[in-house]
Structure formats: C-alpha cells, structure tokens
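*Asks:* Got a structure for you, entry_13.cif, holding mmCIF, C-alpha atoms and all ligand atoms.
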data_start
#
loop_
_atom_site.label_atom_id
_atom_site.label_comp_id
_atom_site.auth_asym_id
_atom_site.auth_seq_id
_atom_site.Cartn_x
_atom_site.Cartn_y
_atom_site.Cartn_z
CA MET A 265 1.87 74.56 -40.23
CA ARG A 266 3.24 72.52 -37.30
CA ARG A 267 6.88 71.48 -36.94
CA PRO A 268 7.90 67.82 -36.66
CA ASP A 269 7.86 68.07 -32.85
CA GLY A 270 4.23 69.29 -33.01
CA THR A 271 5.06 72.87 -32.09
CA ILE A 272 4.05 75.97 -34.04
CA PRO A 273 6.74 78.01 -35.85
CA PHE A 274 8.73 80.46 -33.78
CA SER A 275 10.97 83.32 -34.81
CA VAL A 276 13.34 85.70 -33.07
CA GLU A 277 14.22 89.37 -33.29
CA PHE A 278 17.76 90.68 -33.06
CA ASN A 279 19.01 94.25 -32.73
CA PRO A 280 21.96 95.70 -34.63
CA PRO A 281 25.07 95.28 -32.45
CA ARG A 282 26.73 98.53 -31.38
CA ASP A 283 30.30 97.23 -31.16
CA ALA A 284 32.47 94.17 -31.73
CA ALA A 285 31.63 92.60 -28.33
CA ALA A 286 27.90 93.01 -28.97
CA GLU A 287 28.37 91.54 -32.43
CA ALA A 288 30.10 88.47 -30.97
CA ARG A 289 27.17 88.04 -28.57
CA LEU A 290 24.69 88.29 -31.42
CA TRP A 291 26.54 85.55 -33.30
CA ARG A 292 26.52 83.29 -30.23
CA ALA A 293 22.75 83.77 -29.96
CA ALA A 294 22.26 83.20 -33.70
CA ARG A 295 24.20 79.92 -33.60
CA GLU A 296 22.23 78.81 -30.53
CA PHE A 297 18.89 79.51 -32.24
CA GLU A 298 20.06 77.86 -35.45
CA ARG A 299 19.95 74.54 -33.56
CA MET A 300 16.23 75.09 -32.86
CA HIS A 301 15.32 76.02 -36.44
CA PRO A 302 13.32 79.23 -36.15
CA ALA A 303 11.01 80.00 -39.07
CA PHE A 304 12.98 83.23 -39.46
CA VAL A 305 15.12 85.75 -37.63
CA SER A 306 14.54 89.47 -37.99
CA MET A 307 16.96 92.35 -37.54
CA THR A 308 15.61 95.71 -36.40
CA TYR A 309 16.59 98.92 -38.15
CA GLY A 310 17.76 101.90 -36.13
CA ALA A 311 18.68 105.51 -36.63
CA GLY A 312 22.25 106.71 -37.17
CA GLY A 313 24.64 106.22 -40.10
CA SER A 314 27.25 103.91 -38.57
CA THR A 315 24.59 101.73 -36.91
CA ARG A 316 22.80 101.48 -40.22
CA ASP A 317 25.97 100.38 -42.02
CA ARG A 318 26.63 97.75 -39.35
CA THR A 319 22.98 96.66 -39.55
CA ALA A 320 23.17 96.09 -43.29
CA ARG A 321 26.48 94.22 -42.98
CA VAL A 322 25.42 91.93 -40.12
CA THR A 323 21.98 91.28 -41.64
CA GLY A 324 23.63 90.29 -44.90
CA GLN A 325 26.05 87.99 -43.05
CA LEU A 326 23.19 86.31 -41.20
CA ALA A 327 21.52 85.62 -44.53
CA ARG A 328 24.68 84.35 -46.23
CA GLU A 329 26.56 82.55 -43.47
CA THR A 330 23.80 80.79 -41.54
CA THR A 331 20.85 78.58 -42.36
CA LEU A 332 18.53 81.23 -40.90
CA LEU A 333 15.87 82.84 -43.10
CA THR A 334 16.61 86.50 -42.48
CA VAL A 335 14.02 89.26 -42.41
CA ALA A 336 15.42 92.80 -42.51
CA HIS A 337 13.38 95.59 -40.90
CA LEU A 338 13.23 98.73 -43.01
CA THR A 339 11.96 102.13 -41.83
CA ALA A 340 11.10 105.29 -43.71
CA VAL A 341 12.65 107.55 -41.05
CA GLU A 342 15.01 110.21 -42.41
CA HIS A 343 15.25 108.56 -45.84
CA SER A 344 14.37 109.85 -49.28
CA VAL A 345 12.68 107.44 -51.65
CA ALA A 346 15.96 107.18 -53.58
CA GLU A 347 17.79 106.11 -50.40
CA LEU A 348 15.09 103.61 -49.52
CA ARG A 349 15.38 102.08 -52.99
CA SER A 350 19.13 101.84 -52.58
CA ILE A 351 18.83 100.11 -49.16
CA VAL A 352 16.37 97.59 -50.60
CA GLY A 353 18.89 97.00 -53.40
CA THR A 354 21.67 96.39 -50.85
CA TYR A 355 19.52 93.81 -49.07
CA ALA A 356 18.58 92.17 -52.35
CA ASP A 357 22.28 91.91 -53.26
CA ALA A 358 22.83 90.10 -49.94
CA GLY A 359 20.12 87.63 -50.91
CA ILE A 360 17.49 89.09 -48.59
CA ARG A 361 13.99 88.97 -50.06
CA ASN A 362 12.05 89.33 -46.80
CA LEU A 363 11.47 92.78 -45.35
CA LEU A 364 9.47 93.98 -42.36
CA VAL A 365 8.35 97.38 -43.58
CA LEU A 366 7.74 100.14 -41.04
CA ARG A 367 7.40 103.86 -40.83
CA GLY A 368 9.70 104.06 -37.80
CA ASP A 369 9.66 106.59 -34.98
CA PRO A 370 11.20 110.06 -34.82
CA PRO A 371 14.87 109.63 -33.87
CA GLY A 372 15.72 110.45 -30.25
CA ASP A 373 12.17 110.68 -28.94
CA PRO A 374 9.81 108.00 -30.24
CA LEU A 375 6.86 110.05 -28.97
CA GLY A 376 8.10 113.27 -30.57
CA GLU A 377 6.60 114.93 -33.63
CA TRP A 378 6.80 112.81 -36.80
CA ARG A 379 8.32 114.64 -39.76
CA LYS A 380 8.61 112.86 -43.03
CA HIS A 381 11.76 113.31 -45.10
CA PRO A 382 11.03 116.02 -47.74
CA GLU A 383 11.56 113.44 -50.47
CA GLY A 384 10.43 110.50 -48.40
CA LEU A 385 7.26 108.69 -47.43
CA GLU A 386 4.56 109.44 -44.86
CA TYR A 387 3.16 106.01 -44.00
CA ALA A 388 4.34 102.41 -43.97
CA GLU A 389 1.59 101.61 -46.50
CA GLU A 390 3.46 103.68 -49.10
CA LEU A 391 6.71 101.85 -48.31
CA VAL A 392 4.94 98.50 -48.75
CA ARG A 393 3.83 99.58 -52.23
CA MET A 394 7.30 100.83 -53.06
CA VAL A 395 9.04 97.61 -51.97
CA ARG A 396 6.51 95.40 -53.71
CA GLY A 397 7.02 97.48 -56.86
CA LEU A 398 10.77 96.86 -56.75
CA GLY A 399 10.60 93.13 -57.26
CA ASP A 400 9.86 89.80 -55.75
CA PHE A 401 9.95 90.67 -52.03
CA HIS A 402 7.99 89.15 -49.17
CA VAL A 403 6.74 91.97 -46.99
CA GLY A 404 5.48 92.05 -43.42
CA VAL A 405 4.19 95.03 -41.42
CA ALA A 406 3.64 96.05 -37.79
CA SER A 407 0.33 95.63 -35.98
CA PHE A 408 -0.70 96.95 -32.59
CA PRO A 409 -2.95 94.92 -30.26
CA GLN A 410 -3.75 98.00 -28.18
CA GLY A 411 -3.64 100.40 -31.12
CA HIS A 412 -0.69 102.51 -32.24
CA HIS A 413 -0.05 105.42 -29.89
CA ARG A 414 -0.76 107.95 -32.67
CA SER A 415 -3.99 106.33 -33.87
CA PRO A 416 -7.14 108.24 -32.93
CA ASP A 417 -9.06 105.04 -32.16
CA LEU A 418 -8.89 101.26 -32.59
CA ASP A 419 -11.19 101.19 -35.63
CA ARG A 420 -8.98 103.57 -37.56
CA ASP A 421 -5.88 101.76 -36.37
CA THR A 422 -7.33 98.53 -37.77
CA ALA A 423 -8.34 100.20 -41.04
CA TYR A 424 -4.73 101.41 -41.55
CA LEU A 425 -3.42 97.92 -40.84
CA CYS A 426 -5.85 96.46 -43.39
CA ALA A 427 -4.64 99.08 -45.90
CA LYS A 428 -1.02 97.94 -45.37
CA LEU A 429 -2.06 94.32 -45.92
CA ARG A 430 -4.05 95.24 -49.03
CA ALA A 431 -1.01 97.15 -50.34
CA GLY A 432 0.83 93.83 -50.48
CA ALA A 433 1.99 92.85 -46.99
CA GLU A 434 1.65 89.12 -46.40
CA TYR A 435 1.60 89.11 -42.61
CA SER A 436 1.99 91.35 -39.61
CA ILE A 437 4.05 91.09 -36.44
CA THR A 438 2.47 92.68 -33.39
CA GLN A 439 3.92 95.08 -30.91
CA MET A 440 4.78 93.19 -27.75
CA PHE A 441 1.90 92.83 -25.28
CA PHE A 442 1.13 91.14 -21.98
CA ASP A 443 -2.61 90.62 -22.26
CA VAL A 444 -3.45 87.89 -24.75
CA ASP A 445 -7.04 89.18 -24.94
CA ASP A 446 -5.68 92.32 -26.66
CA TYR A 447 -4.14 90.10 -29.35
CA LEU A 448 -7.39 88.15 -29.80
CA ARG A 449 -9.40 91.36 -30.12
CA LEU A 450 -6.96 92.66 -32.76
CA ARG A 451 -7.39 89.43 -34.72
CA ASP A 452 -11.19 89.80 -34.55
CA ARG A 453 -11.03 93.45 -35.60
CA VAL A 454 -8.91 92.68 -38.67
CA VAL A 455 -11.30 89.89 -39.76
CA ALA A 456 -14.27 92.23 -39.29
CA CYS A 457 -12.49 95.02 -41.20
CA ASP A 458 -11.55 92.81 -44.14
CA PRO A 459 -12.19 89.04 -44.15
CA VAL A 460 -9.64 88.48 -46.93
CA GLU A 461 -6.83 90.40 -45.24
CA GLY A 462 -7.96 88.97 -41.89
CA ALA A 463 -6.81 85.55 -43.09
CA LYS A 464 -3.19 86.72 -43.20
CA PRO A 465 -1.05 85.70 -40.21
CA ILE A 466 -0.83 88.07 -37.26
CA ILE A 467 2.31 86.90 -35.48
CA PRO A 468 2.36 87.81 -31.78
CA GLU A 469 5.53 89.23 -30.30
CA LEU A 470 6.63 88.43 -26.76
CA MET A 471 9.65 88.98 -24.58
CA PRO A 472 10.74 87.06 -21.49
CA ILE A 473 11.38 89.40 -18.57
CA THR A 474 14.62 88.39 -16.89
CA SER A 475 15.02 91.07 -14.21
CA LEU A 476 13.22 94.05 -12.71
CA ARG A 477 15.40 96.19 -14.98
CA THR A 478 13.98 94.48 -18.07
CA VAL A 479 10.48 95.48 -16.93
CA GLN A 480 11.24 99.04 -17.99
CA ARG A 481 12.48 97.90 -21.41
CA ALA A 482 9.39 95.72 -21.81
CA GLU A 483 7.16 98.68 -20.96
CA GLU A 484 8.93 100.85 -23.54
CA LEU A 485 8.57 98.17 -26.20
CA SER A 486 4.93 97.41 -25.44
CA GLY A 487 4.10 101.09 -24.98
CA ARG A 488 2.13 100.23 -21.84
CA PRO A 489 2.84 99.67 -18.14
CA LEU A 490 3.22 96.05 -17.11
CA PRO A 491 -0.15 94.85 -15.78
CA ALA A 492 -0.25 95.13 -11.96
CA ARG A 493 -0.89 91.40 -11.47
CA LEU A 494 2.33 90.53 -13.35
CA LEU A 495 4.39 93.24 -11.65
CA GLN A 496 3.20 91.97 -8.27
CA ARG A 497 4.42 88.44 -9.09
CA LEU A 498 7.87 89.76 -10.05
CA GLU A 499 8.06 92.06 -7.01
CA LYS A 500 7.03 89.25 -4.69
CA ALA A 501 9.88 87.13 -6.05
CA ALA A 502 12.28 90.07 -5.62
CA GLY A 503 11.26 90.58 -1.98
CA ASN A 504 13.39 93.13 -0.13
CA ASP A 505 16.56 92.21 -1.99
CA PRO A 506 16.11 92.04 -5.80
CA GLU A 507 19.83 91.42 -6.31
CA ALA A 508 19.97 88.41 -3.98
CA ASN A 509 16.68 87.11 -5.41
CA ARG A 510 17.49 87.73 -9.05
CA ASN A 511 17.21 84.05 -9.97
CA ALA A 512 13.72 83.94 -8.45
CA VAL A 513 12.69 87.07 -10.40
CA ARG A 514 14.07 85.58 -13.60
CA ALA A 515 12.19 82.31 -12.99
CA VAL A 516 8.91 84.23 -12.62
CA GLY A 517 9.66 86.18 -15.82
CA ILE A 518 10.22 82.93 -17.73
CA GLU A 519 7.04 81.51 -16.18
CA ILE A 520 5.00 84.55 -17.32
CA ALA A 521 6.36 84.36 -20.89
CA THR A 522 5.64 80.61 -20.94
CA GLU A 523 2.04 81.22 -19.83
CA ILE A 524 1.54 83.89 -22.51
CA GLY A 525 3.11 81.62 -25.15
CA GLN A 526 0.95 78.65 -24.15
CA ARG A 527 -2.25 80.69 -24.26
CA LEU A 528 -1.32 82.02 -27.70
CA ILE A 529 -0.69 78.48 -28.94
CA ASP A 530 -4.03 77.33 -27.48
CA GLU A 531 -5.77 80.26 -29.21
CA GLY A 532 -4.34 79.27 -32.60
CA ALA A 533 -1.60 81.88 -33.07
CA PRO A 534 0.31 81.21 -36.32
CA GLY A 535 3.71 81.51 -34.62
CA LEU A 536 5.57 83.12 -31.73
CA HIS A 537 8.03 85.95 -32.34
CA PHE A 538 10.50 86.61 -29.52
CA ILE A 539 12.33 89.82 -28.71
CA THR A 540 15.70 88.45 -27.62
CA LEU A 541 17.87 91.54 -27.03
CA ASN A 542 20.49 89.30 -28.69
CA PHE A 543 20.50 86.71 -25.88
CA ALA A 544 19.37 83.14 -26.57
CA LYS A 545 19.06 81.71 -23.05
CA ALA A 546 15.74 83.10 -21.80
CA THR A 547 13.90 82.53 -25.09
CA THR A 548 15.32 79.01 -25.32
CA GLU A 549 14.05 78.26 -21.81
CA VAL A 550 10.56 79.49 -22.69
CA LEU A 551 10.61 77.42 -25.89
CA THR A 552 11.73 74.34 -23.98
CA ASN A 553 8.89 74.85 -21.48
CA LEU A 554 6.52 74.98 -24.46
CA GLY A 555 7.77 71.65 -25.80
CA TYR A 556 10.25 72.82 -28.45
CA THR A 557 13.28 70.62 -28.95
CA VAL A 558 16.58 70.89 -30.75
CA THR A 559 15.87 69.08 -34.01
CA ALA A 560 18.41 67.43 -36.27
CA THR A 561 16.98 68.70 -39.53
CA PRO A 562 15.74 72.15 -40.53
CA VAL A 563 12.01 72.77 -40.41
CA SER A 564 10.13 74.69 -43.06
CA ALA A 565 7.47 77.02 -41.65
C1 LIG B 601 7.03 94.17 -34.84
C2 LIG B 601 7.56 95.57 -34.84
C3 LIG B 601 8.86 95.83 -35.28
C4 LIG B 601 9.37 97.12 -35.27
N1 LIG B 601 10.65 97.34 -35.72
C5 LIG B 601 11.16 98.58 -35.76
C6 LIG B 601 12.46 98.84 -36.26
O1 LIG B 601 13.18 97.91 -36.65
N2 LIG B 601 12.91 100.12 -36.28
C7 LIG B 601 12.14 101.16 -35.84
O2 LIG B 601 12.60 102.32 -35.89
N3 LIG B 601 10.88 100.97 -35.39
C8 LIG B 601 10.37 99.71 -35.33
N4 LIG B 601 9.09 99.49 -34.87
C9 LIG B 601 8.31 100.63 -34.37
C10 LIG B 601 7.47 101.32 -35.46
O3 LIG B 601 8.32 101.83 -36.46
C11 LIG B 601 6.67 102.43 -34.80
O4 LIG B 601 5.71 101.89 -33.93
C12 LIG B 601 6.03 103.44 -35.74
O5 LIG B 601 5.57 104.54 -34.95
C13 LIG B 601 4.83 102.91 -36.51
O6 LIG B 601 5.23 102.19 -37.57
P1 LIG B 601 4.18 101.58 -38.60
O7 LIG B 601 4.97 100.87 -39.61
O8 LIG B 601 3.09 100.87 -37.90
O9 LIG B 601 3.59 102.96 -39.25
P2 LIG B 601 2.28 103.27 -40.04
O10 LIG B 601 1.53 102.06 -40.42
O11 LIG B 601 2.66 104.22 -41.12
O12 LIG B 601 1.42 104.04 -38.95
C14 LIG B 601 1.93 105.20 -38.31
C15 LIG B 601 0.77 106.01 -37.74
O13 LIG B 601 0.03 106.59 -38.80
C16 LIG B 601 -1.31 106.11 -38.80
N5 LIG B 601 -1.67 105.90 -40.21
C17 LIG B 601 -1.28 104.87 -41.00
N6 LIG B 601 -1.77 105.03 -42.25
C18 LIG B 601 -2.48 106.18 -42.23
C19 LIG B 601 -3.23 106.90 -43.21
N7 LIG B 601 -3.36 106.45 -44.46
N8 LIG B 601 -3.82 108.08 -42.83
C20 LIG B 601 -3.71 108.55 -41.57
N9 LIG B 601 -3.01 107.90 -40.61
C21 LIG B 601 -2.41 106.74 -40.93
C22 LIG B 601 -1.30 104.84 -37.97
O14 LIG B 601 -2.54 104.59 -37.35
C23 LIG B 601 -0.23 105.16 -36.94
O15 LIG B 601 -0.77 105.94 -35.89
C24 LIG B 601 8.56 98.21 -34.83
C25 LIG B 601 7.24 97.96 -34.40
C26 LIG B 601 6.75 96.66 -34.40
C27 LIG B 601 5.35 96.40 -33.91
#
Let me see whether you can do it: turn the structure in this file into structure tokens.
Ligand SMILES: Cc1cc2nc3c(=O)[nH]c(=O)nc-3n(C[C@H](O)[C@H](O)[C@H](O)COP(=O)(O)OP(=O)(O)OC[C@H]3O[C@@H](n4cnc5c(N)ncnc54)[C@H](O)[C@@H]3O)c2cc1C

*Replies:*
Amino acid sequence: MRRPDGTIPFSVEFNPPRDAAAEARLWRAAREFERMHPAFVSMTYGAGGSTRDRTARVTGQLARETTLLTVAHLTAVEHSVAELRSIVGTYADAGIRNLLVLRGDPPGDPLGEWRKHPEGLEYAEELVRMVRGLGDFHVGVASFPQGHHRSPDLDRDTAYLCAKLRAGAEYSITQMFFDVDDYLRLRDRVVACDPVEGAKPIIPELMPITSLRTVQRAEELSGRPLPARLLQRLEKAAGNDPEANRNAVRAVGIEIATEIGQRLIDEGAPGLHFITLNFAKATTEVLTNLGYTVTATPVSA
C-alpha cells in the first residue's frame, strides 16, 4: 500500500542503548522519525542481562510513549522455553504484539559454534510456533538474500525460510545487502519454493554508509565484503585524506543507499527497512532523496 505522498512504507531498526547518553540519542532519533510516520520501528535483541533489561524497558516505552508501531526482536539464544515465554509476556504487558522472531547468533562470536539452551529451541521456526501459540501476535522472521552463512546451499536456505513462514510468520525482513539482484533472486526462490508463502512481504533492509569506518560495520551486518565498485566510489571520494574529505565520503554513501532504495522501489519491494544505528539524519536524507516528506497525519501501512 502506498502512503499519501505516493511513497512505499518504510521502517527503521534501532539497537538497545548501552547507557543514558545512548538512550537520549535513541529518543532524539525516534522523535525525528515519528514526524515521517514509519510503518514500524524495530528494536534488536542482544546478549547480556543488563542490556536485555534495558532493551525490554526502552522497547516498552517506545510502544507506550510514541505513536510508533513497535516491533520487538526476540532471539532464542541462551534462553529456556520458560524464559522465552516470560519475555513474550513482558512485551505483551507493554502492549507489544509484533515480534521479529530469530534464532540469534552465539554470543561473543557470531560465527562460533551454535549451542542451543538445554531447555531451549534449536531453530527460529520453533520459536515462531511457540509465539503464535501464545496468543494474538504478529510475527516476522529473518531472510537472507545471499543465504544464511550456516546454510549448506540456497535451496535449503529458502526451504527453511518457507518453513518459518508456514509456521505462522507473516513477513520477513532481509539481512542487509548491496546487490539488489540478490534480493530479487531471493524473492523468486521463495515464490518457486511455495507460491502461497511467496506472496508474503519480503522487506529489504538497507543501511546508508556515512564514513569509511561504517563500511566495516556494513560488511559485518551484511556478512559480505562491500562490492568493489561501491568501495571504489567511496575511496575515490576519500582521496588521500579521508578525514578532510569525510563530507564527500558521506555524500557518496547517501547516494549509494538512495540508488539501492530507488531500484528496490522500482522492482516493487513492499517497503524499505533501514538500519539506523540510532541516528536519524542519514536515513532521513535518503528518504528525502526518494521523495518522502514529513506528513501532518499518521500513515497506515
Ligand atoms: C532482519 C534481521 C534482524 C536480526 N536481528 C537480530 C537481533 O535482534 N538479535 C540477534 O542476536 N540477531 C539478529 N539477527 C541475526 C540472526 O539472529 C542470525 O543471522 C542467526 O544466525 C539466524 O537467525 P534465523 O532466525 O534466521 O535462524 P534460523 O531460521 O533458525 O536459521 C539458522 C540456521 O539454521 C538453518 N535451519 C533453519 N531451519 C532448519 C531446519 N529445520 N533444519 C536444519 N537447518 C535449519 C538455517 O538455514 C540457518 O543456517 C537478525 C538478522 C536479520 C536478517
């Protein structure tokens, strides 16, 4: 569904703030995005007790104290089924009915050996079934345009995604990527695997690169090196003095994200989901380039 300004829905991802200063920054970003009426905001879920407590608190506040539809990420990492049920209950008490359900990565080393909690769950598919069994929740899952790093091949990766959708997920959000063709091939694979599940939205995730330092973060999040042609554009802007030319590098990063966003819109993506790292400015610039405006009234997606 299009918004009144003709644009497709967009959404943004936040990360749990680590301290009070980071929390204040998150709130500034949330208020900034509120003026542009995202379809939803999502809050990632990390390892570690105190971070998890802060995550639950801030996610609940976002749901209660803003107009933003809040999606809480939930991972199976290091949790028993009883704990997972209790976390879902905490979110439900805060009025959160939308969960992005994930297995999560081993704490410390995302590429390390996966060990399920002795009384926990092995795959996200099981967590989807559990959450759906607990009540009236809207559930999304992760999808991987280039395949998940632990999947033996793309066909099996797609089959597992279809299983998560069949288990009750209503949509998926992709891992961030830089090659739109990878997204289009994923979409085709899911339709071929299961035409019914293939009709569910696959929301592409993107992140504006704002400095050469963010390239590394983008590579971690996408699980792949930045394509050489994009890296060359950023390095050309950086020249021999990346610090002095940081505005030029940033401008190229915004340009690249705008190009990816435009191609996704042209290819019929159901929405655009932005990794923000809790900053509004870069995402807002990309959205403005794509024709999004600050609208007076909320938009339903
Ligand atoms: C949009 C998005 C948001 C994310 N948010 C977070 C977050 O907030 N916190 C966090 O810690 N991580 C997050 N992640 C990372 C995610 O948790 C990891 O990529 C994790 O390794 C995979 O999670 P999953 O839910 O896809 O797992 P699963 O779907 O369970 O897949 C895990 C692996 O098992 C395989 N598999 C699945 N089902 C089966 C089966 N039945 N038999 C055999 N193999 C199977 C899959 O192919 C894959 O290789 C996010 C990822 C994305 C794309």

*Asks:* Applying 12 Å and all atoms listed in the file, which residues near Gly384 (chain A) remain after dropping the ones on its own chain fewer than 3 positions away? List them as a ChimeraX atom specification.

*Replies:* /A:339-349,367,379-381,387-388,390-391,394

*Asks:* Find the spatial neighbours of Phe543 (chain A), counting all atoms listed in the file, within a cut-off of 10 Å - ignore same-chain residues fewer than 5 positions away - and output them as a ChimeraX atom specification.

*Replies:* /A:278,289-294,296-297,548

*Asks:* Which residues, written as a short mmCIF file (atom, residue, chain, number, x, y, z; two decimals) with C-alpha atoms, in the coordinates of the input, have at least one atom at most 6 Å from region 531-539 of chain A, with only C-alpha atoms counted and residues fewer than 2 positions away on the same chain left out?

*Replies:*
data_model
loop_
_atom_site.label_atom_id
_atom_site.label_comp_id
_atom_site.auth_asym_id
_atom_site.auth_seq_id
_atom_site.Cartn_x
_atom_site.Cartn_y
_atom_site.Cartn_z
CA ILE A 272 4.05 75.97 -34.04
CA PRO A 273 6.74 78.01 -35.85
CA PHE A 274 8.73 80.46 -33.78
CA SER A 275 10.97 83.32 -34.81
CA VAL A 276 13.34 85.70 -33.07
CA GLU A 277 14.22 89.37 -33.29
CA ILE A 467 2.31 86.90 -35.48
CA PRO A 468 2.36 87.81 -31.78
CA GLU A 469 5.53 89.23 -30.30
CA LEU A 470 6.63 88.43 -26.76
CA MET A 471 9.65 88.98 -24.58
CA LEU A 528 -1.32 82.02 -27.70
CA ILE A 529 -0.69 78.48 -28.94
#

*Asks:* Residues within 8 Å of ligand LIG 601 (chain B) should be enumerated using only C-alpha atoms and all ligand atoms and returned as a VMD selection string.

*Replies:* chain A and resid 279 307 to 311 337 to 339 341 364 to 371 374 386 to 389 405 to 408 411 to 416 420 to 422 424 to 425 427 to 428 436 to 440 469

*Asks:* Would you mind telling me which residue in A:Leu476, A:Asn509, A:Asp446, A:Pro302 lies nearest to Thr547 (chain A) when using all atoms listed in the file?

*Replies:*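 Using all atoms listed in the file, the shortest distance to Thr547 (chain A) belongs to A:Pro302.
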
*Asks:* Given all atoms listed in the file as the basis, pick out the residue of A:Gln325, A:Ser475, A:Gln496, A:Thr315 nearest to Ala508 (chain A).

*Replies:*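 Answer, going by the shortest atom-to-atom distance: A:Ser475.
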
*Asks:* Considering all atoms listed in the file, can you say which of A:Gly399, A:Arg430, A:Gly487, A:Tyr556 comes closest to His301 (chain A)?

*Replies:* A:Tyr556

*Asks:* With distances taken over all atoms listed in the file, which of A:Met265, A:Leu418, A:Val460, A:Ala431 is nearest to Gly397 (chain A)?

*Replies:*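 Closest to Gly397 (chain A) of all the choices is A:Ala431.
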
*Asks:* Pick out the closest residue to Val305 (chain A) from this set: A:Thr540, A:Ser486, A:Glu499, A:Val403. Count all atoms listed in the file.

*Replies:*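 For Val305 (chain A), the nearest of the given residues is A:Thr540.
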
*Asks:* Enclose all atoms of region 508-511 of chain A listed in the file in an axis-aligned box, grow every side by 6 Å, and hand back centre and edge lengths in Å to one decimal, as JSON.

*Replies:*
{"center_x": 18.3, "center_y": 86.2, "center_z": -7.0, "size_x": 15.3, "size_y": 16.4, "size_z": 18.0}

*Asks:* For a test of reading the model, state the distance in Å between CA of Glu549 (chain A) and CA of Ala288 (chain A), rounded to one decimal.

*Replies:*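 Separation between CA of Glu549 (chain A) and CA of Ala288 (chain A): 21.1 Å.
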
*Asks:* Figure out the distance between CA of Leu363 (chain A) and CA of Ala336 (chain A), please, to one decimal in Å.

*Replies:*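 Distance between the two atoms: 4.9 Å.
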
*Asks:* Taking all atoms listed in the file into account, name the residue in A:Glu298, A:Asp443, A:Asp419, A:Glu383 that is nearest to Arg527 (chain A).

*Replies:*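 Ranking A:Glu298, A:Asp443, A:Asp419, A:Glu383 by distance to Arg527 (chain A), first place goes to A:Asp443.
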
*Asks:* How far is it from CA of Ala303 (chain A) to CA of Asp269 (chain A), in Å with one decimal?

*Replies:*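 CA of Ala303 (chain A) sits 13.8 Å away from CA of Asp269 (chain A).
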